[in-house]
Amino acid sequence: MATITDPVVRAHKREVIDKAVLRFCGDSGDGMQITGSQFTNTVALYGNDLATFPDYPAEIRAPAGTLPGVSGFQIQFSSSDVFTPGDSVDVLVAMNPAALKTNIKDLKMNGILIVNSDAFTDADLRKADVVSNPLEDHSLDGYRVFSVGLERLTRSALQDLGLDAKTMDRCKNFFALGMSYWLYNRTMDLTYKWIEDKFKAKPLLVEANKLAMRAGYNYCEATEAFQVSYEIPPAKLTPGTYRNLSGNQALAIGFVAASQKSGLPLFLGSYPITPASDILHELSMYKNFGVITFQAEDEIAAITSSIGAAYAGALAITTTSGPGMALKTEALGLAVAVEIPLVICDIQRGGPSTGLPTKTEQADLLQALFGRNSEAPIPIIAPATPSDCFWAAVEASRIAVKYMVPVIILSDGYLANGAEPWRIPDLDSIPDFKVQFATDPVDFKPYRRNPDTLARPWAVPGTPGLEHRIGGLEKQDVTGNINYEPLNHENMVRIRAAKVEAIVQDIPDVVPAGDAEGDLLIVAWGSTHGAITAAVKAQRELGHRIGHAHLRHLNPLPANLGEVLKRYKTVLVPELNMGQLLWVLRAKYLVNAIGLNKIQGRPFKQSELEQKIAELVG
């Protein structure tokens, strides 16, 4: 078996820079997500601030080398605050012609382009609908092109291991990763450990992947292909213990924390759907915290099992995406009618119908607000960043059990799959919200209200003397008996609506970032936060008076929002939809707000927002 040797150290220029944007792209079988994740974990451990954007192909098994099968992973890492994965790319690693064709438009002029030249055969070019070889036709003359035979060099490095050609070729992503580690002066130690753990049952693959990565690193040293490498110092982060996590991981951990803080067992009823499935995968690993995960046969069974768990006294959640929300609609109305605590996570994706399963969108807001029969209001919370998903899970759980209501969390594919450093909070900094179940049978009434929250009592089935009915038929106020009287129905509808409105007492007032009054207020929600924050920062440095109100609570809205809107000459509402929050603000506050809308399955770029801001304040 071959041995790993230390890299040959040669003199080269090392340049210190503030930030960089790197993108790996290739076929869905080229391991781009693994490559990007390992690079991300390494720079996170080094102490850089970062943001990532994994870009998955929508086709499950697209033909190898074709445009629909391209997978990508982008990361921006910096010695200062990072708000987005970056607009344009400094370094692009392209594993085949399809990946190059799909991604080259995002590479900066004079940016570094590392191309797997072994994949540019006539057959590969045809698969990608490329007429002429870009490595030969001078179409890439505006970039610093490094044409590297990744397959040939990987096979050469692994030739003594006795592996077949197909297995050796699967290691070429680690060759590219080794090159990237050299380019940015990063250690390979963390990835070595990951490889050893991942392939521990197959020692030969451990050796192969480690050798391939070391070969990529050595290639950069031995050939002097790159005249310069780059050093990005650690960021000055708030002291504490950090871990790198995605939005879906943060939601899962947040629900576990909410379970501990409420004293309730956690139950997840879920049907797998992109991009929400990772929450189910993550929570299935927390059985030692009393977490129960149930993979249902369909979306309806998923939510109704969670309603049953909530009735039985659990902190119950269900996870889905837009198409699944449509299927859960009737059961959502049931949860409203029986006034049961439940958290519904909608990880939004491009639609309608199946739409763009792996791409992001913010187009489920009106569905969350109104997508049920009759009058069935539900509070809505929207996290702003991947790590903020943790706090959204805790907050939604707290509201659900305090007010005895279902709560919707609107995340999206960009937040779900994106990652950033998360400062692990002190457990004591998360307030307890211990639940007190009804236990006294004396004069028990299942719809007797708490005067402050209008919540009805939570009586666990089997508690002596607390027997009561639940179901979708209208109940009589206080007694809970089935009742069809017109005035009682109107009273119950208004009480359920008033209960949701009462949640405003738990919602902090809006305090815009930036200027408290001025020329422009940007009002937004969800994953647009990072790009807007960066754009507002840049434009305020030019002297413009701009505020940014990012709404966490979308139903009910903060009490002072109407007053805040009046402080600015112009209101801009950027959304990854056709203007849904814009519609709500215009209807509720009669404000002549302006929309900036993008429906491409991709997040906003900072430059797109800056261009619109300049247009409005210039």
# chains A, B, ... in the order shown; residues from 1 in each chain; ligands from 1
>>> closest_atom_pairs(of="stretch 54-124 of chain A", to="stretch 152-176 of chain A", cutoff="10 Å", atoms="only C-alpha atoms", output="CSV")
residue,atom,partner,partner_atom,distance
A:Val93,CA,A:Ala176,CA,7.6
A:Ala94,CA,A:Ala176,CA,9.6
A:Met95,CA,A:Asn173,CA,8.4
A:Ile114,CA,A:Ala176,CA,8.6
A:Val115,CA,A:Ala176,CA,9.6
A:Asn116,CA,A:Ala176,CA,9.0
A:Ser117,CA,A:Arg152,CA,9.4
A:Asp118,CA,A:Arg152,CA,7.1
>>> residues_around(residues="A:Val291", least_positions_apart="6", cutoff="12 Å", atoms="only C-alpha atoms", output="VMD selection string")
chain A and resid 252 to 253 255 to 260 264 to 269 280 282 to 285 314 to 317
>>> residues_around(residues="stretch 18-30 of chain A", least_positions_apart="5", cutoff="8 Å", atoms="only C-alpha atoms", output="PyMOL selection string")
chain A and resi 35-36+56-57+64-66+69-80+85-86+88-96+98-100+103+170+172-173+232-233
>>> select_by_dssp(residues="stretch 375-546 of chain A", states="strand (DSSP E)", output="list in words")
Ile380, Ile381, Pro406, Val407, Ile408, Ile409, Leu410, Ser411, Asp412, Ala419, Glu420, Pro421, Trp422, Arg423, Ala513, Gly514, Gly518, Asp519, Leu520, Leu521, Ile522, Val523, Ala524, Trp525 and Ile546 of chain A
>>> closest_residue(among="A:Ile399, A:Ala593, A:Ile408, A:Leu609", to="A:Gly371", atoms="only C-alpha atoms")
A:Ile408
>>> select_by_dssp(residues="stretch 100-160 of chain A", states="alpha helix (DSSP H)", output="NGL selection string")
:A and (100-103 or 122-127 or 150-158)
>>> write_last_selection(atoms="N, CA and C atoms", output="mmCIF file, in the first residue's frame")
data_model
loop_
_atom_site.group_PDB
_atom_site.id
_atom_site.type_symbol
_atom_site.label_atom_id
_atom_site.label_comp_id
_atom_site.auth_asym_id
_atom_site.auth_seq_id
_atom_site.Cartn_x
_atom_site.Cartn_y
_atom_site.Cartn_z
ATOM 1 N N LEU A 100 -18.781 23.806 -16.834
ATOM 2 C CA LEU A 100 -18.157 25.046 -17.294
ATOM 3 C C LEU A 100 -19.191 25.935 -17.985
ATOM 4 N N LYS A 101 -19.961 25.371 -18.879
ATOM 5 C CA LYS A 101 -20.957 26.140 -19.633
ATOM 6 C C LYS A 101 -21.985 26.759 -18.695
ATOM 7 N N THR A 102 -22.407 26.023 -17.673
ATOM 8 C CA THR A 102 -23.449 26.490 -16.759
ATOM 9 C C THR A 102 -22.949 27.580 -15.819
ATOM 10 N N ASN A 103 -21.662 27.554 -15.470
ATOM 11 C CA ASN A 103 -21.167 28.409 -14.389
ATOM 12 C C ASN A 103 -20.200 29.504 -14.807
ATOM 13 N N ASP A 122 -14.634 14.872 -27.374
ATOM 14 C CA ASP A 122 -15.719 15.209 -28.297
ATOM 15 C C ASP A 122 -17.066 14.737 -27.760
ATOM 16 N N ALA A 123 -17.073 13.544 -27.164
ATOM 17 C CA ALA A 123 -18.331 13.012 -26.617
ATOM 18 C C ALA A 123 -18.839 13.879 -25.468
ATOM 19 N N ASP A 124 -17.919 14.318 -24.599
ATOM 20 C CA ASP A 124 -18.310 15.170 -23.473
ATOM 21 C C ASP A 124 -18.845 16.510 -23.959
ATOM 22 N N LEU A 125 -18.221 17.071 -24.970
ATOM 23 C CA LEU A 125 -18.673 18.347 -25.521
ATOM 24 C C LEU A 125 -20.074 18.225 -26.112
ATOM 25 N N ARG A 126 -20.348 17.112 -26.791
ATOM 26 C CA ARG A 126 -21.675 16.903 -27.364
ATOM 27 C C ARG A 126 -22.741 16.791 -26.273
ATOM 28 N N LYS A 127 -22.436 16.078 -25.204
ATOM 29 C CA LYS A 127 -23.395 15.937 -24.106
ATOM 30 C C LYS A 127 -23.793 17.297 -23.526
ATOM 31 N N LEU A 150 -7.337 15.957 -14.313
ATOM 32 C CA LEU A 150 -7.625 15.441 -12.973
ATOM 33 C C LEU A 150 -7.744 13.922 -12.955
ATOM 34 N N GLU A 151 -8.378 13.345 -13.953
ATOM 35 C CA GLU A 151 -8.526 11.889 -13.967
ATOM 36 C C GLU A 151 -7.174 11.211 -14.182
ATOM 37 N N ARG A 152 -6.405 11.722 -15.121
ATOM 38 C CA ARG A 152 -5.096 11.120 -15.413
ATOM 39 C C ARG A 152 -4.169 11.229 -14.202
ATOM 40 N N LEU A 153 -4.137 12.395 -13.577
ATOM 41 C CA LEU A 153 -3.239 12.601 -12.432
ATOM 42 C C LEU A 153 -3.706 11.800 -11.212
ATOM 43 N N THR A 154 -5.011 11.692 -11.045
ATOM 44 C CA THR A 154 -5.527 10.907 -9.920
ATOM 45 C C THR A 154 -5.185 9.432 -10.102
ATOM 46 N N ARG A 155 -5.361 8.918 -11.316
ATOM 47 C CA ARG A 155 -5.004 7.517 -11.584
ATOM 48 C C ARG A 155 -3.514 7.281 -11.365
ATOM 49 N N SER A 156 -2.693 8.240 -11.751
ATOM 50 C CA SER A 156 -1.251 8.103 -11.552
ATOM 51 C C SER A 156 -0.907 8.022 -10.073
ATOM 52 N N ALA A 157 -1.595 8.850 -9.255
ATOM 53 C CA ALA A 157 -1.319 8.852 -7.818
ATOM 54 C C ALA A 157 -1.772 7.561 -7.147
ATOM 55 N N LEU A 158 -2.794 6.914 -7.705
ATOM 56 C CA LEU A 158 -3.391 5.745 -7.062
ATOM 57 C C LEU A 158 -3.033 4.437 -7.752
#
>>> closest_residue(among="A:Asp412, A:Glu297, A:Asp519, A:Glu608", to="A:Lys566", atoms="only C-alpha atoms")
A:Asp519
>>> atom_distance(atom1="atom CA of A:Lys193", atom2="atom CA of A:Thr238")
27.4 Å
>>> atom_distance(atom1="atom CA of A:Phe83", atom2="atom CA of A:Leu50")
7.9 Å
>>> residues_around(residues="A:Leu487", least_positions_apart="4", cutoff="12 Å", atoms="only C-alpha atoms", output="mmCIF file with N, CA and C atoms, in the first residue's frame")
data_model
loop_
_atom_site.group_PDB
_atom_site.id
_atom_site.type_symbol
_atom_site.label_atom_id
_atom_site.label_comp_id
_atom_site.auth_asym_id
_atom_site.auth_seq_id
_atom_site.Cartn_x
_atom_site.Cartn_y
_atom_site.Cartn_z
ATOM 1 N N GLU A 474 -67.796 22.373 14.686
ATOM 2 C CA GLU A 474 -67.739 23.537 15.566
ATOM 3 C C GLU A 474 -68.141 23.186 16.996
ATOM 4 N N LYS A 475 -67.415 23.777 17.948
ATOM 5 C CA LYS A 475 -67.666 23.530 19.365
ATOM 6 C C LYS A 475 -68.375 24.713 20.013
ATOM 7 N N GLN A 476 -69.109 24.411 21.046
ATOM 8 C CA GLN A 476 -69.722 25.476 21.828
ATOM 9 C C GLN A 476 -68.671 26.138 22.695
ATOM 10 N N ASP A 477 -68.737 27.451 22.743
ATOM 11 C CA ASP A 477 -67.785 28.180 23.564
ATOM 12 C C ASP A 477 -67.863 27.695 25.015
ATOM 13 N N ASN A 483 -71.750 22.228 18.367
ATOM 14 C CA ASN A 483 -72.762 23.279 18.342
ATOM 15 C C ASN A 483 -72.819 23.897 16.955
ATOM 16 N N ASN A 491 -68.884 33.723 17.130
ATOM 17 C CA ASN A 491 -68.089 34.007 18.334
ATOM 18 C C ASN A 491 -66.802 33.189 18.353
ATOM 19 N N MET A 492 -66.868 31.913 18.024
ATOM 20 C CA MET A 492 -65.684 31.062 18.029
ATOM 21 C C MET A 492 -64.693 31.474 16.932
ATOM 22 N N VAL A 493 -65.211 31.829 15.755
ATOM 23 C CA VAL A 493 -64.328 32.295 14.678
ATOM 24 C C VAL A 493 -63.582 33.536 15.120
ATOM 25 N N ARG A 494 -64.292 34.478 15.738
ATOM 26 C CA ARG A 494 -63.660 35.725 16.173
ATOM 27 C C ARG A 494 -62.675 35.483 17.321
#
>>> atom_distance(atom1="atom CA of A:Val435", atom2="atom CA of A:Thr318")
20.0 Å
>>> closest_residue(among="A:Val564, A:Val478, A:Ile112, A:Ala587", to="A:Ala513", atoms="only C-alpha atoms")
A:Val564
>>> residues_around(residues="A:Val460", least_positions_apart="3", cutoff="10 Å", atoms="only C-alpha atoms", output="list of chain:residue names")
A:Ala310, A:Tyr311, A:Ala312, A:Gly313, A:Ala314, A:Phe437, A:Ala438, A:Thr439, A:Pro457, A:Thr463, A:Pro464, A:Leu466, A:Glu467
>>> write_last_selection(atoms="N, CA and C atoms", output="PDB file, in the first residue's frame")
ATOM      1  N   ALA A 310     -49.719  15.878  19.426  1.00  0.00           N
ATOM      2  CA  ALA A 310     -49.947  17.095  20.197  1.00  0.00           C
ATOM      3  C   ALA A 310     -51.116  16.912  21.162  1.00  0.00           C
ATOM      4  N   TYR A 311     -52.180  16.273  20.700  1.00  0.00           N
ATOM      5  CA  TYR A 311     -53.326  15.994  21.573  1.00  0.00           C
ATOM      6  C   TYR A 311     -52.894  15.144  22.763  1.00  0.00           C
ATOM      7  N   ALA A 312     -51.921  14.259  22.537  1.00  0.00           N
ATOM      8  CA  ALA A 312     -51.450  13.367  23.607  1.00  0.00           C
ATOM      9  C   ALA A 312     -50.410  14.026  24.514  1.00  0.00           C
ATOM     10  N   GLY A 313     -50.055  15.300  24.229  1.00  0.00           N
ATOM     11  CA  GLY A 313     -49.175  16.011  25.144  1.00  0.00           C
ATOM     12  C   GLY A 313     -47.740  16.153  24.699  1.00  0.00           C
ATOM     13  N   ALA A 314     -47.453  15.981  23.403  1.00  0.00           N
ATOM     14  CA  ALA A 314     -46.087  16.133  22.897  1.00  0.00           C
ATOM     15  C   ALA A 314     -45.915  17.492  22.243  1.00  0.00           C
ATOM     16  N   PHE A 437     -50.060  21.201  32.196  1.00  0.00           N
ATOM     17  CA  PHE A 437     -51.269  20.565  31.688  1.00  0.00           C
ATOM     18  C   PHE A 437     -52.414  20.747  32.686  1.00  0.00           C
ATOM     19  N   ALA A 438     -53.637  20.772  32.167  1.00  0.00           N
ATOM     20  CA  ALA A 438     -54.813  20.806  33.046  1.00  0.00           C
ATOM     21  C   ALA A 438     -54.912  19.481  33.800  1.00  0.00           C
ATOM     22  N   THR A 439     -55.125  19.560  35.089  1.00  0.00           N
ATOM     23  CA  THR A 439     -55.221  18.339  35.908  1.00  0.00           C
ATOM     24  C   THR A 439     -56.422  18.345  36.852  1.00  0.00           C
ATOM     25  N   PRO A 457     -57.313  25.285  27.862  1.00  0.00           N
ATOM     26  CA  PRO A 457     -56.451  24.380  28.622  1.00  0.00           C
ATOM     27  C   PRO A 457     -56.014  23.180  27.785  1.00  0.00           C
ATOM     28  N   THR A 463     -56.485  11.732  31.613  1.00  0.00           N
ATOM     29  CA  THR A 463     -56.509  12.415  32.907  1.00  0.00           C
ATOM     30  C   THR A 463     -57.924  12.298  33.483  1.00  0.00           C
ATOM     31  N   PRO A 464     -58.077  11.726  34.674  1.00  0.00           N
ATOM     32  CA  PRO A 464     -59.420  11.483  35.233  1.00  0.00           C
ATOM     33  C   PRO A 464     -60.231  12.773  35.326  1.00  0.00           C
ATOM     34  N   LEU A 466     -61.252  14.734  32.988  1.00  0.00           N
ATOM     35  CA  LEU A 466     -60.982  15.762  31.983  1.00  0.00           C
ATOM     36  C   LEU A 466     -61.337  15.285  30.573  1.00  0.00           C
ATOM     37  N   GLU A 467     -62.263  14.337  30.485  1.00  0.00           N
ATOM     38  CA  GLU A 467     -62.678  13.846  29.187  1.00  0.00           C
ATOM     39  C   GLU A 467     -63.334  14.978  28.402  1.00  0.00           C
TER      40      GLU A 467
END
>>> closest_residue(among="A:Ser607, A:Ser387, A:Thr274, A:Gln227", to="A:Thr360", atoms="only C-alpha atoms")
A:Thr274
>>> closest_residue(among="A:Gly111, A:Glu224, A:Gly178, A:Ile300", to="A:Leu211", atoms="only C-alpha atoms")
A:Gly178
>>> closest_residue(among="A:Tyr568, A:Tyr403, A:Phe199, A:Tyr242", to="A:Asn48", atoms="only C-alpha atoms")
A:Tyr242
>>> decode(residues="stretch 308-350 of chain A", atoms="N, CA and C atoms", output="tab-separated table (two decimals), in the first residue's frame")
chain	number	residue	atom	x	y	z
A	308	GLY	N	-52.21	14.19	16.38
A	308	GLY	CA	-52.48	13.20	17.42
A	308	GLY	C	-51.46	13.25	18.54
A	309	ALA	N	-50.19	13.44	18.17
A	309	ALA	CA	-49.14	13.52	19.18
A	309	ALA	C	-49.32	14.76	20.06
A	310	ALA	N	-49.72	15.88	19.43
A	310	ALA	CA	-49.95	17.10	20.20
A	310	ALA	C	-51.12	16.91	21.16
A	311	TYR	N	-52.18	16.27	20.70
A	311	TYR	CA	-53.33	15.99	21.57
A	311	TYR	C	-52.89	15.14	22.76
A	312	ALA	N	-51.92	14.26	22.54
A	312	ALA	CA	-51.45	13.37	23.61
A	312	ALA	C	-50.41	14.03	24.51
A	313	GLY	N	-50.06	15.30	24.23
A	313	GLY	CA	-49.18	16.01	25.14
A	313	GLY	C	-47.74	16.15	24.70
A	314	ALA	N	-47.45	15.98	23.40
A	314	ALA	CA	-46.09	16.13	22.90
A	314	ALA	C	-45.91	17.49	22.24
A	315	LEU	N	-44.66	17.94	22.18
A	315	LEU	CA	-44.31	19.06	21.32
A	315	LEU	C	-44.23	18.48	19.92
A	316	ALA	N	-45.24	18.76	19.10
A	316	ALA	CA	-45.39	18.08	17.82
A	316	ALA	C	-45.04	19.02	16.67
A	317	ILE	N	-44.31	18.49	15.69
A	317	ILE	CA	-43.94	19.26	14.51
A	317	ILE	C	-44.14	18.39	13.28
A	318	THR	N	-44.25	19.06	12.14
A	318	THR	CA	-44.28	18.37	10.86
A	318	THR	C	-43.52	19.23	9.86
A	319	THR	N	-42.85	18.61	8.91
A	319	THR	CA	-41.99	19.33	7.98
A	319	THR	C	-42.39	19.00	6.55
A	320	THR	N	-42.24	19.99	5.67
A	320	THR	CA	-42.64	19.79	4.29
A	320	THR	C	-42.12	20.93	3.44
A	321	SER	N	-42.53	20.95	2.17
A	321	SER	CA	-42.30	22.07	1.28
A	321	SER	C	-43.64	22.46	0.65
A	322	GLY	N	-43.63	23.38	-0.32
A	322	GLY	CA	-44.87	23.93	-0.86
A	322	GLY	C	-45.89	22.91	-1.31
A	323	PRO	N	-45.53	21.91	-2.15
A	323	PRO	CA	-46.53	20.92	-2.56
A	323	PRO	C	-47.11	20.15	-1.37
A	324	GLY	N	-46.28	19.87	-0.36
A	324	GLY	CA	-46.77	19.18	0.83
A	324	GLY	C	-47.70	20.05	1.65
A	325	MET	N	-47.43	21.37	1.66
A	325	MET	CA	-48.34	22.28	2.36
A	325	MET	C	-49.73	22.22	1.76
A	326	ALA	N	-49.80	22.12	0.42
A	326	ALA	CA	-51.10	22.02	-0.23
A	326	ALA	C	-51.85	20.78	0.24
A	327	LEU	N	-51.15	19.66	0.40
A	327	LEU	CA	-51.79	18.43	0.84
A	327	LEU	C	-52.16	18.48	2.33
A	328	LYS	N	-51.46	19.27	3.11
A	328	LYS	CA	-51.72	19.36	4.55
A	328	LYS	C	-52.84	20.34	4.87
A	329	THR	N	-53.40	21.00	3.86
A	329	THR	CA	-54.31	22.11	4.10
A	329	THR	C	-55.49	21.75	5.00
A	330	GLU	N	-56.19	20.67	4.70
A	330	GLU	CA	-57.37	20.32	5.50
A	330	GLU	C	-56.99	20.05	6.95
A	331	ALA	N	-55.89	19.34	7.15
A	331	ALA	CA	-55.46	19.04	8.52
A	331	ALA	C	-55.00	20.30	9.24
A	332	LEU	N	-54.45	21.27	8.51
A	332	LEU	CA	-54.10	22.55	9.14
A	332	LEU	C	-55.36	23.22	9.70
A	333	GLY	N	-56.44	23.17	8.92
A	333	GLY	CA	-57.70	23.70	9.42
A	333	GLY	C	-58.18	22.96	10.65
A	334	LEU	N	-57.98	21.64	10.68
A	334	LEU	CA	-58.35	20.86	11.86
A	334	LEU	C	-57.57	21.31	13.09
A	335	ALA	N	-56.26	21.55	12.91
A	335	ALA	CA	-55.43	22.01	14.03
A	335	ALA	C	-55.90	23.37	14.54
A	336	VAL	N	-56.35	24.24	13.61
A	336	VAL	CA	-56.90	25.54	14.01
A	336	VAL	C	-58.19	25.34	14.79
A	337	ALA	N	-59.06	24.47	14.29
A	337	ALA	CA	-60.38	24.28	14.91
A	337	ALA	C	-60.29	23.68	16.31
A	338	VAL	N	-59.41	22.70	16.47
A	338	VAL	CA	-59.33	22.06	17.79
A	338	VAL	C	-58.37	22.80	18.71
A	339	GLU	N	-57.69	23.83	18.17
A	339	GLU	CA	-56.79	24.69	18.96
A	339	GLU	C	-55.74	23.84	19.68
A	340	ILE	N	-54.92	23.21	18.84
A	340	ILE	CA	-53.89	22.31	19.33
A	340	ILE	C	-52.53	22.91	18.99
A	341	PRO	N	-51.52	22.80	19.85
A	341	PRO	CA	-50.19	23.33	19.52
A	341	PRO	C	-49.47	22.43	18.52
A	342	LEU	N	-48.99	23.02	17.45
A	342	LEU	CA	-48.34	22.28	16.38
A	342	LEU	C	-47.44	23.25	15.62
A	343	VAL	N	-46.25	22.81	15.22
A	343	VAL	CA	-45.36	23.65	14.41
A	343	VAL	C	-45.20	23.00	13.05
A	344	ILE	N	-45.48	23.77	12.01
A	344	ILE	CA	-45.38	23.29	10.63
A	344	ILE	C	-44.21	24.01	9.96
A	345	CYS	N	-43.21	23.28	9.51
A	345	CYS	CA	-42.05	23.87	8.82
A	345	CYS	C	-42.26	23.74	7.31
A	346	ASP	N	-42.38	24.86	6.64
A	346	ASP	CA	-42.48	24.88	5.18
A	346	ASP	C	-41.15	25.38	4.63
A	347	ILE	N	-40.35	24.47	4.08
A	347	ILE	CA	-39.07	24.84	3.48
A	347	ILE	C	-39.36	25.11	2.01
A	348	GLN	N	-39.55	26.38	1.67
A	348	GLN	CA	-40.09	26.75	0.37
A	348	GLN	C	-39.13	26.43	-0.78
A	349	ARG	N	-39.72	26.11	-1.92
A	349	ARG	CA	-38.96	25.84	-3.13
A	349	ARG	C	-39.73	26.41	-4.33
A	350	GLY	N	-39.09	26.42	-5.47
A	350	GLY	CA	-39.71	26.96	-6.66
A	350	GLY	C	-40.90	26.12	-7.11
